[in-house]
Each structure stands twice: as C-alpha cells, then as structure tokens.
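> Here you go, entry_23.cif (mmCIF, C-alpha atoms):
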```cif
data_upload
#
loop_
_atom_site.group_PDB
_atom_site.id
_atom_site.type_symbol
_atom_site.label_atom_id
_atom_site.label_comp_id
_atom_site.auth_asym_id
_atom_site.auth_seq_id
_atom_site.Cartn_x
_atom_site.Cartn_y
_atom_site.Cartn_z
ATOM 1 C CA MET A 399 65.670 167.759 119.490
ATOM 2 C CA SER A 400 62.223 168.349 120.957
ATOM 3 C CA GLU A 401 61.866 171.408 123.166
ATOM 4 C CA GLN A 402 60.857 169.382 126.212
ATOM 5 C CA PHE A 403 64.304 167.726 126.279
ATOM 6 C CA GLU A 404 66.253 170.886 125.595
ATOM 7 C CA GLU A 405 66.232 172.084 129.199
ATOM 8 C CA THR A 406 67.544 168.718 130.417
ATOM 9 C CA TYR A 407 70.194 168.759 127.687
ATOM 10 C CA ASN A 408 71.263 172.290 128.662
ATOM 11 C CA GLN A 409 71.486 171.270 132.325
ATOM 12 C CA TRP A 410 73.605 168.264 131.347
ATOM 13 C CA ASN A 411 76.017 170.597 129.572
ATOM 14 C CA GLU A 412 76.040 172.847 132.630
ATOM 15 C CA PHE A 413 77.078 169.827 134.718
ATOM 16 C CA VAL A 414 79.819 168.966 132.204
ATOM 17 C CA HIS A 415 81.199 172.517 132.399
ATOM 18 C CA THR A 416 80.730 173.294 136.109
ATOM 19 C CA GLN A 417 80.917 169.770 137.598
ATOM 20 C CA ASN A 418 78.122 170.904 139.930
ATOM 21 C CA ALA A 419 76.850 167.468 140.982
ATOM 22 C CA GLU A 420 73.634 168.888 142.441
ATOM 23 C CA ILE A 421 72.369 169.071 138.868
ATOM 24 C CA LEU A 422 72.478 165.294 138.336
ATOM 25 C CA PRO A 423 69.567 164.103 140.521
ATOM 26 C CA GLU A 424 67.390 166.766 138.858
ATOM 27 C CA ILE A 425 67.982 165.631 135.272
ATOM 28 C CA LEU A 426 68.132 161.854 135.783
ATOM 29 C CA SER A 427 64.835 159.971 135.905
ATOM 30 C CA ASP A 428 64.389 157.850 139.052
ATOM 31 C CA GLU A 429 64.268 154.855 136.680
ATOM 32 C CA VAL A 430 67.402 155.815 134.733
ATOM 33 C CA LYS A 431 69.591 152.987 133.458
ATOM 34 C CA PHE A 432 73.286 153.687 133.005
ATOM 35 C CA HIS A 433 75.173 151.320 130.686
ATOM 36 C CA SER A 434 78.875 151.536 131.440
ATOM 37 C CA PRO A 435 81.635 150.738 128.946
ATOM 38 C CA PHE A 436 82.879 147.994 131.277
ATOM 39 C CA VAL A 437 80.028 145.721 132.362
ATOM 40 C CA TRP A 438 76.769 144.564 130.842
ATOM 41 C CA LYS A 439 74.491 145.074 133.860
ATOM 42 C CA PRO A 440 72.993 148.585 133.968
ATOM 43 C CA LYS A 441 73.449 150.839 137.010
ATOM 44 C CA ASP A 442 70.587 152.479 138.947
ATOM 45 C CA LYS A 443 70.198 156.198 139.726
ATOM 46 C CA PRO A 444 72.412 156.451 142.867
ATOM 47 C CA GLU A 445 75.180 154.485 141.115
ATOM 48 C CA THR A 446 74.797 156.641 137.995
ATOM 49 C CA VAL A 447 75.209 159.862 140.002
ATOM 50 C CA LEU A 448 78.332 158.451 141.657
ATOM 51 C CA ILE A 449 79.876 157.307 138.365
ATOM 52 C CA LEU A 450 79.183 160.564 136.521
ATOM 53 C CA LYS A 451 80.665 162.581 139.414
ATOM 54 C CA MET A 452 83.780 160.398 139.441
ATOM 55 C CA VAL A 453 84.273 160.414 135.700
ATOM 56 C CA THR A 454 84.427 164.210 135.566
ATOM 57 C CA LYS A 455 87.399 163.977 137.967
ATOM 58 C CA VAL A 456 89.185 161.398 135.828
ATOM 59 C CA PHE A 457 88.865 162.975 132.364
ATOM 60 C CA GLU A 458 91.230 165.831 131.531
ATOM 61 C CA ASP A 459 90.570 168.258 128.647
ATOM 62 C CA PHE A 460 87.103 166.743 128.122
ATOM 63 C CA ARG A 461 85.259 168.164 125.118
ATOM 64 C CA TYR A 462 82.385 167.095 122.910
ATOM 65 C CA THR A 463 83.384 166.837 119.240
ATOM 66 C CA ARG A 464 80.439 165.673 117.065
ATOM 67 C CA LYS A 465 76.812 165.762 118.212
ATOM 68 C CA ILE A 466 73.873 163.975 116.608
ATOM 69 C CA PHE A 467 70.302 164.729 117.697
ATOM 70 C CA ASP A 468 67.129 162.924 116.740
ATOM 71 C CA ASP A 469 63.851 163.456 118.598
ATOM 72 C CA ASN A 470 64.338 162.025 122.130
ATOM 73 C CA LEU A 471 67.839 160.659 121.493
ATOM 74 C CA CYS A 472 71.281 162.146 121.124
ATOM 75 C CA ALA A 473 74.752 160.766 120.520
ATOM 76 C CA LEU A 474 77.471 163.049 121.844
ATOM 77 C CA GLU A 475 80.978 162.106 120.772
ATOM 78 C CA PHE A 476 83.780 163.258 123.018
ATOM 79 C CA GLU A 477 87.524 163.346 123.335
ATOM 80 C CA ALA A 478 89.425 163.417 126.613
ATOM 81 C CA ARG A 479 92.795 162.621 128.130
ATOM 82 C CA ILE A 480 93.885 160.486 131.085
ATOM 83 C CA GLY A 481 97.534 161.279 131.741
ATOM 84 C CA LYS A 482 99.308 160.660 128.444
ATOM 85 C CA ILE A 483 96.499 158.605 126.890
ATOM 86 C CA THR A 484 93.964 160.312 124.636
ATOM 87 C CA LEU A 485 90.625 158.573 124.265
ATOM 88 C CA GLN A 486 87.366 159.054 122.445
ATOM 89 C CA GLY A 487 83.902 158.030 123.506
ATOM 90 C CA VAL A 488 80.233 158.529 122.956
ATOM 91 C CA ASP A 489 77.382 159.355 125.331
ATOM 92 C CA ILE A 490 74.111 158.010 123.932
ATOM 93 C CA ILE A 491 71.410 159.767 125.932
ATOM 94 C CA GLU A 492 67.688 158.983 125.773
ATOM 95 C CA PHE A 493 65.091 161.344 127.227
ATOM 96 C CA GLY A 494 61.809 160.068 128.658
ATOM 97 C CA GLU A 495 58.333 161.605 128.487
ATOM 98 C CA SER A 496 59.068 163.624 131.644
ATOM 99 C CA GLY A 497 61.971 165.242 129.785
ATOM 100 C CA LYS A 498 64.463 163.593 132.140
ATOM 101 C CA ILE A 499 67.220 161.179 131.128
ATOM 102 C CA VAL A 500 65.968 157.566 131.175
ATOM 103 C CA ASP A 501 68.908 155.837 129.468
ATOM 104 C CA PHE A 502 72.615 156.755 129.394
ATOM 105 C CA LYS A 503 75.084 154.594 127.512
ATOM 106 C CA VAL A 504 78.825 155.182 127.280
ATOM 107 C CA MET A 505 81.312 153.550 124.932
ATOM 108 C CA ILE A 506 85.045 154.264 124.785
ATOM 109 C CA ARG A 507 87.843 153.692 122.280
ATOM 110 C CA PRO A 508 90.625 152.738 121.794
ATOM 111 C CA ALA A 509 91.334 149.738 124.049
ATOM 112 C CA ASN A 510 94.192 151.449 125.960
ATOM 113 C CA GLY A 511 91.861 154.390 126.695
ATOM 114 C CA LEU A 512 89.199 152.054 128.077
ATOM 115 C CA GLN A 513 91.841 150.350 130.198
ATOM 116 C CA ALA A 514 93.225 153.644 131.551
ATOM 117 C CA LEU A 515 89.703 154.775 132.479
ATOM 118 C CA GLY A 516 89.004 151.461 134.234
ATOM 119 C CA GLU A 517 92.181 151.677 136.279
ATOM 120 C CA LYS A 518 91.491 155.283 137.364
ATOM 121 C CA MET A 519 87.862 154.522 138.255
ATOM 122 C CA ASN A 520 88.930 151.508 140.338
ATOM 123 C CA GLU A 521 91.513 153.635 142.162
ATOM 124 C CA LEU A 522 88.866 156.247 143.018
ATOM 125 C CA LEU A 523 86.316 153.615 144.098
ATOM 126 C CA ALA A 524 88.928 151.938 146.320
ATOM 127 C CA ALA A 525 89.840 155.298 147.877
ATOM 128 C CA LYS A 526 86.141 156.075 148.450
ATOM 129 C CA ASN A 527 85.554 152.741 150.190
ATOM 130 C CA LEU A 528 88.574 153.335 152.434
ATOM 131 C CA MET A 529 87.118 156.692 153.492
ATOM 132 C CA GLN A 530 83.750 155.220 154.481
ATOM 133 C CA MET B 1315 69.484 162.581 106.526
ATOM 134 C CA SER B 1316 70.134 164.418 103.256
ATOM 135 C CA GLU B 1317 68.989 162.640 100.100
ATOM 136 C CA GLN B 1318 72.510 162.510 98.624
ATOM 137 C CA PHE B 1319 73.621 160.196 101.464
ATOM 138 C CA GLU B 1320 70.535 158.016 101.426
ATOM 139 C CA GLU B 1321 71.700 155.823 98.559
ATOM 140 C CA THR B 1322 75.034 155.169 100.302
ATOM 141 C CA TYR B 1323 73.199 154.438 103.557
ATOM 142 C CA ASN B 1324 70.860 151.997 101.773
ATOM 143 C CA GLN B 1325 73.825 150.256 100.148
ATOM 144 C CA TRP B 1326 75.536 149.967 103.527
ATOM 145 C CA ASN B 1327 72.431 148.233 104.876
ATOM 146 C CA GLU B 1328 72.428 145.951 101.845
ATOM 147 C CA PHE B 1329 76.018 144.972 102.698
ATOM 148 C CA VAL B 1330 75.022 144.312 106.326
ATOM 149 C CA HIS B 1331 72.192 142.031 105.218
ATOM 150 C CA THR B 1332 73.796 140.276 102.237
ATOM 151 C CA GLN B 1333 77.499 140.425 103.207
ATOM 152 C CA ASN B 1334 78.163 141.143 99.527
ATOM 153 C CA ALA B 1335 81.634 142.674 99.873
ATOM 154 C CA GLU B 1336 81.583 144.067 96.336
ATOM 155 C CA ILE B 1337 79.406 146.860 97.717
ATOM 156 C CA LEU B 1338 82.124 148.197 100.024
ATOM 157 C CA PRO B 1339 84.587 149.786 97.558
ATOM 158 C CA GLU B 1340 81.614 151.563 95.949
ATOM 159 C CA ILE B 1341 80.367 153.278 99.100
ATOM 160 C CA LEU B 1342 83.685 154.054 100.802
ATOM 161 C CA SER B 1343 85.504 157.213 99.747
ATOM 162 C CA ASP B 1344 89.100 156.616 98.605
ATOM 163 C CA GLU B 1345 90.097 158.856 101.530
ATOM 164 C CA VAL B 1346 87.960 157.032 104.123
ATOM 165 C CA LYS B 1347 89.322 156.789 107.649
ATOM 166 C CA PHE B 1348 88.223 153.843 109.757
ATOM 167 C CA HIS B 1349 88.617 154.248 113.535
ATOM 168 C CA SER B 1350 88.631 150.810 115.153
ATOM 169 C CA PRO B 1351 87.599 150.133 118.747
ATOM 170 C CA PHE B 1352 91.100 148.784 119.443
ATOM 171 C CA VAL B 1353 93.766 151.216 118.245
ATOM 172 C CA TRP B 1354 94.034 154.963 117.845
ATOM 173 C CA LYS B 1355 95.569 155.068 114.358
ATOM 174 C CA PRO B 1356 92.925 155.143 111.611
ATOM 175 C CA LYS B 1357 92.877 152.522 108.830
ATOM 176 C CA ASP B 1358 92.903 153.319 105.086
ATOM 177 C CA LYS B 1359 90.424 152.096 102.474
ATOM 178 C CA PRO B 1360 91.924 148.642 101.698
ATOM 179 C CA GLU B 1361 92.266 147.913 105.437
ATOM 180 C CA THR B 1362 88.718 149.159 106.039
ATOM 181 C CA VAL B 1363 87.280 146.819 103.393
ATOM 182 C CA LEU B 1364 89.170 143.888 104.927
ATOM 183 C CA ILE B 1365 88.039 144.687 108.478
ATOM 184 C CA LEU B 1366 84.382 145.198 107.552
ATOM 185 C CA LYS B 1367 84.362 141.911 105.608
ATOM 186 C CA MET B 1368 85.919 140.053 108.555
ATOM 187 C CA VAL B 1369 83.662 141.566 111.166
ATOM 188 C CA THR B 1370 80.520 140.345 109.404
ATOM 189 C CA LYS B 1371 81.911 136.814 109.777
ATOM 190 C CA VAL B 1372 82.602 137.276 113.500
ATOM 191 C CA PHE B 1373 79.307 138.807 114.652
ATOM 192 C CA GLU B 1374 76.345 136.456 115.110
ATOM 193 C CA ASP B 1375 72.753 137.728 115.277
ATOM 194 C CA PHE B 1376 73.888 141.241 114.337
ATOM 195 C CA ARG B 1377 71.100 143.815 114.364
ATOM 196 C CA TYR B 1378 70.846 147.584 114.586
ATOM 197 C CA THR B 1379 68.815 148.745 117.588
ATOM 198 C CA ARG B 1380 68.669 152.580 117.797
ATOM 199 C CA LYS B 1381 69.536 154.883 114.897
ATOM 200 C CA ILE B 1382 70.231 158.611 115.059
ATOM 201 C CA PHE B 1383 70.533 160.699 111.902
ATOM 202 C CA ASP B 1384 71.638 164.288 111.529
ATOM 203 C CA ASP B 1385 72.544 165.812 108.164
ATOM 204 C CA ASN B 1386 75.730 164.046 106.980
ATOM 205 C CA LEU B 1387 76.210 161.969 110.146
ATOM 206 C CA CYS B 1388 74.543 158.944 111.667
ATOM 207 C CA ALA B 1389 75.060 156.884 114.794
ATOM 208 C CA LEU B 1390 73.811 153.327 114.401
ATOM 209 C CA GLU B 1391 73.695 151.346 117.639
ATOM 210 C CA PHE B 1392 73.894 147.590 117.305
ATOM 211 C CA GLU B 1393 73.743 144.402 119.284
ATOM 212 C CA ALA B 1394 75.495 141.170 118.332
ATOM 213 C CA ARG B 1395 76.792 137.942 119.793
ATOM 214 C CA ILE B 1396 80.179 136.216 119.701
ATOM 215 C CA GLY B 1397 79.675 132.695 121.048
ATOM 216 C CA LYS B 1398 78.094 133.140 124.477
ATOM 217 C CA ILE B 1399 79.029 136.823 124.816
ATOM 218 C CA THR B 1400 76.501 139.497 123.855
ATOM 219 C CA LEU B 1401 77.916 142.893 122.991
ATOM 220 C CA GLN B 1402 76.676 146.297 121.935
ATOM 221 C CA GLY B 1403 78.369 148.847 119.759
ATOM 222 C CA VAL B 1404 77.912 151.922 117.673
ATOM 223 C CA ASP B 1405 78.853 152.747 114.078
ATOM 224 C CA ILE B 1406 79.325 156.497 113.694
ATOM 225 C CA ILE B 1407 79.303 157.109 109.954
ATOM 226 C CA GLU B 1408 80.094 160.418 108.245
ATOM 227 C CA PHE B 1409 79.247 161.051 104.593
ATOM 228 C CA GLY B 1410 81.344 163.341 102.411
ATOM 229 C CA GLU B 1411 80.260 165.731 99.690
ATOM 230 C CA SER B 1412 80.461 162.920 97.112
ATOM 231 C CA GLY B 1413 77.861 161.042 99.163
ATOM 232 C CA LYS B 1414 80.399 158.340 100.022
ATOM 233 C CA ILE B 1415 81.545 157.373 103.516
ATOM 234 C CA VAL B 1416 84.559 159.469 104.595
ATOM 235 C CA ASP B 1417 84.728 158.518 108.293
ATOM 236 C CA PHE B 1418 83.683 155.287 110.037
ATOM 237 C CA LYS B 1419 84.124 154.934 113.789
ATOM 238 C CA VAL B 1420 83.244 151.866 115.848
ATOM 239 C CA MET B 1421 82.993 151.579 119.614
ATOM 240 C CA ILE B 1422 82.075 148.432 121.553
ATOM 241 C CA ARG B 1423 80.841 147.640 125.066
ATOM 242 C CA PRO B 1424 81.121 145.967 127.511
ATOM 243 C CA ALA B 1425 84.809 145.146 128.060
ATOM 244 C CA ASN B 1426 84.386 141.365 127.686
ATOM 245 C CA GLY B 1427 82.614 141.941 124.340
ATOM 246 C CA LEU B 1428 85.499 144.091 123.108
ATOM 247 C CA GLN B 1429 87.950 141.401 124.219
ATOM 248 C CA ALA B 1430 85.997 138.600 122.505
ATOM 249 C CA LEU B 1431 85.891 140.606 119.276
ATOM 250 C CA GLY B 1432 89.641 141.291 119.458
ATOM 251 C CA GLU B 1433 90.452 137.607 119.952
ATOM 252 C CA LYS B 1434 88.257 136.500 117.016
ATOM 253 C CA MET B 1435 89.645 139.196 114.706
ATOM 254 C CA ASN B 1436 93.230 138.194 115.594
ATOM 255 C CA GLU B 1437 92.423 134.518 114.879
ATOM 256 C CA LEU B 1438 91.023 135.424 111.455
ATOM 257 C CA LEU B 1439 93.952 137.715 110.618
ATOM 258 C CA ALA B 1440 96.447 135.007 111.647
ATOM 259 C CA ALA B 1441 94.605 132.445 109.494
ATOM 260 C CA LYS B 1442 94.568 134.879 106.563
ATOM 261 C CA ASN B 1443 98.318 135.490 106.838
ATOM 262 C CA LEU B 1444 98.983 131.734 106.927
ATOM 263 C CA MET B 1445 97.019 131.322 103.701
ATOM 264 C CA GLN B 1446 99.015 133.985 101.831
#
```
Reformat the file's structure so that it appears as structure tokens.

Amino acid sequence: MSEQFEETYNQWNEFVHTQNAEILPEILSDEVKFHSPFVWKPKDKPETVLILKMVTKVFEDFRYTRKIFDDNLCALEFEARIGKITLQGVDIIEFGESGKIVDFKVMIRPANGLQALGEKMNELLAAKNLMQ
Amino acid sequence: MSEQFEETYNQWNEFVHTQNAEILPEILSDEVKFHSPFVWKPKDKPETVLILKMVTKVFEDFRYTRKIFDDNLCALEFEARIGKITLQGVDIIEFGESGKIVDFKVMIRPANGLQALGEKMNELLAAKNLMQ
C-alpha cells in the first residue's frame, strides 16, 4: 500500500476499533461511492457515514481476518456475528489521489447472514425515522 | 503474486475463458474448501468442480473488473449478468504450498443478484438430478 493511503487506512482501523464517528467525514472523499450488499445504486457521502455508523452497532465480535493490499486498493475480509448468526464479508476500499476513500464496496455471505444484517439495518433505520 | 502460484492463476483464467472443465481438477488441491455465497458449510473438491462448471453456464458477460494480489492470496472482483439482472461479486482465492488452490470464497451483491444466481443454480441442480 502506498504511503499516502496509509494514514487513511490507519484512521479507518481507528474508527473500526473506537467507533468514533467523527473520523468518517475526514477519511471519506466528498465524492465517495458506497456500494451496499443489498442494492445496486451507490450511496453518497452523508448516506455512507450513516450506514457505517449503524453497521458498527449491528455487528458483534467484528474482526478482520485476511487482508489483501495492492497500490490504491485493499480487500479486507471480516467475520462478525448478529445474534446467533455468524457471517463473513469483505470491504473493498479504493483510495483516491487525495488519499481519501473514493469507493467502498461491501459483500456478505452466507445468505442467512445477509438477511440478518438487512433485518437489523431496517429496524435501526425505522427507529431513526421515528425519532426524527 | 509469487511465481509458484502464477501458473495456477493463469490456468484458472484459461478455465474462465474457455470453460474447459478438465482444467479444474488440476488446479484445485484435493483438500480445497469452497465457500459459497449461499451457505456457511464449505464444499469439498468434487462439489467445487461441479459448482464452478455450473456457474460458468449461469453467468452471462462475465468479466473480472478489479484484481488485488498479495503473496498467496488474490481477490478478483467481477461483474456478470443473469437475464436482466446485473450482479457483482468477488472470488477470494488462496494458494497452498503446492501452488494449487486450497481455499475459494465467493461473495455476491446486490441481494437481487444473489437471489437470481440461487434460483438458476437450483434449476440446474434439479435438472441434473432428474437426468441421473
């Protein structure tokens, strides 16, 4: 991984460990595209911040397992739990010339893990809308 | 990528382009574990060969988009079509000391792409069982 992306990558890991959401707007490019496991259409920066904040509340025992780096790209494989269901996924993160994250893609397996994540995310989104 | 894995990687690409299934038993370790996008439990070598043969019949316009290599691991992102549904996925391939593939993990997005793939695979498996 090039040095210019290393700081962003380290800050991402700090977010993963501390869940300090103030980090996110700093490391995401204003033009970031977030590709969720659920729908085709990419999300913009405010939506991405919201989703990443929510997802850290949904995943239990989240940990990265295998990591693959190549220039301005990395694939970070993870394992996590939602209740009794264990799931695996991958974050494919692309860094732009500014060093910030310009593309963030998430895929999840197996199917019951994807479903459990979808249900939890919908619950949280519904609760959030009720509070507004 | 280390040189010892390059031949296996090249043969994998030959399979992708030619769909010559005779290549598969050569490049898969006898102890290979295949992690499908659908179920947690890994598949063994005979099941893996069957699934990889079937999947090449289901995907239309399959092409790798971004590739990330790191020592004995690679993450190959792809895009494909099933009827009117476009999907993306990733093959995370791990090479063993013999140079052969020891671990093959597939994840798919978005959810309607995963569903379309599942339906097509079930159709093919049902047809195969009827023929036996």
> Find the residues in chain A near chain B: any atom within 7 Å counts, using all atoms listed in the file. Write them as an NGL selection string.
:A and (435-438 or 466-468 or 473 or 505-509)
> With C-alpha atoms retained, could you export that selection as a PDB file, keeping the file's coordinate frame?

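Wrote it out as selection.pdb, contents follow:
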```pdb
ATOM      1  CA  PRO A 435      81.635 150.738 128.946  1.00  0.00           C
ATOM      2  CA  PHE A 436      82.879 147.994 131.277  1.00  0.00           C
ATOM      3  CA  VAL A 437      80.028 145.721 132.362  1.00  0.00           C
ATOM      4  CA  TRP A 438      76.769 144.564 130.842  1.00  0.00           C
ATOM      5  CA  ILE A 466      73.873 163.975 116.608  1.00  0.00           C
ATOM      6  CA  PHE A 467      70.302 164.729 117.697  1.00  0.00           C
ATOM      7  CA  ASP A 468      67.129 162.924 116.740  1.00  0.00           C
ATOM      8  CA  ALA A 473      74.752 160.766 120.520  1.00  0.00           C
ATOM      9  CA  MET A 505      81.312 153.550 124.932  1.00  0.00           C
ATOM     10  CA  ILE A 506      85.045 154.264 124.785  1.00  0.00           C
ATOM     11  CA  ARG A 507      87.843 153.692 122.280  1.00  0.00           C
ATOM     12  CA  PRO A 508      90.625 152.738 121.794  1.00  0.00           C
ATOM     13  CA  ALA A 509      91.334 149.738 124.049  1.00  0.00           C
TER      14      ALA A 509
END
```
> Which residues are close to segment 1393-1399 of chain B, i.e. within 6 Å by all atoms listed in the file, leaving aside same-chain residues fewer than 3 positions away? Reply as an MDAnalysis selection string.
chainID B and resid 1373:1377 1402
> Name the residues in contact with Ile449 of chain A at a cut-off of 12 Å, using only C-alpha atoms, excluding same-chain residues fewer than 2 positions from it; report them as a PyMOL selection string.
chain A and resi 419+422+432-435+440-447+451-456+502+504+515-516+518-520+522-523+526
> Box for segment 482-499 of chain A - axis-aligned, 3 Å on each of the six sides, all listed atoms - centre and size in Å to one decimal, as lines of an AutoDock Vina configuration file.

```
center_x = 78.8
center_y = 161.6
center_z = 127.3
size_x = 47.0
size_y = 13.2
size_z = 15.7
```
> Report, in Å to a single decimal, how far apart atom CA of Phe493 of chain A and atom CA of Ser400 of chain A are.
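Separating atom CA of Ser400 of chain A from atom CA of Phe493 of chain A is a distance of 9.8 Å.
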> Which is closest to Tyr407 of chain A among A:Val430, A:Ile499, A:Gly494, A:Pro423, if we use all atoms listed in the file?
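Residue with the minimum atom-to-atom distance to Tyr407 of chain A: A:Ile499.
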> Counting only C-alpha atoms, which of B:Glu1408, B:Met1445, B:Ile1341, B:Tyr1378 gets nearest to Asn1324 of chain B?
B:Ile1341
> So the first atom is atom CA of Asn1443 of chain B and the second is atom CA of Phe1329 of chain B; what is the distance between them in Å, to one decimal place?
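Calculated distance between atom CA of Asn1443 of chain B and atom CA of Phe1329 of chain B is 24.6 Å.
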> Separation of atom CA of Val1416 of chain B and atom CA of Ala1430 of chain B, in Å?
27.5 Å
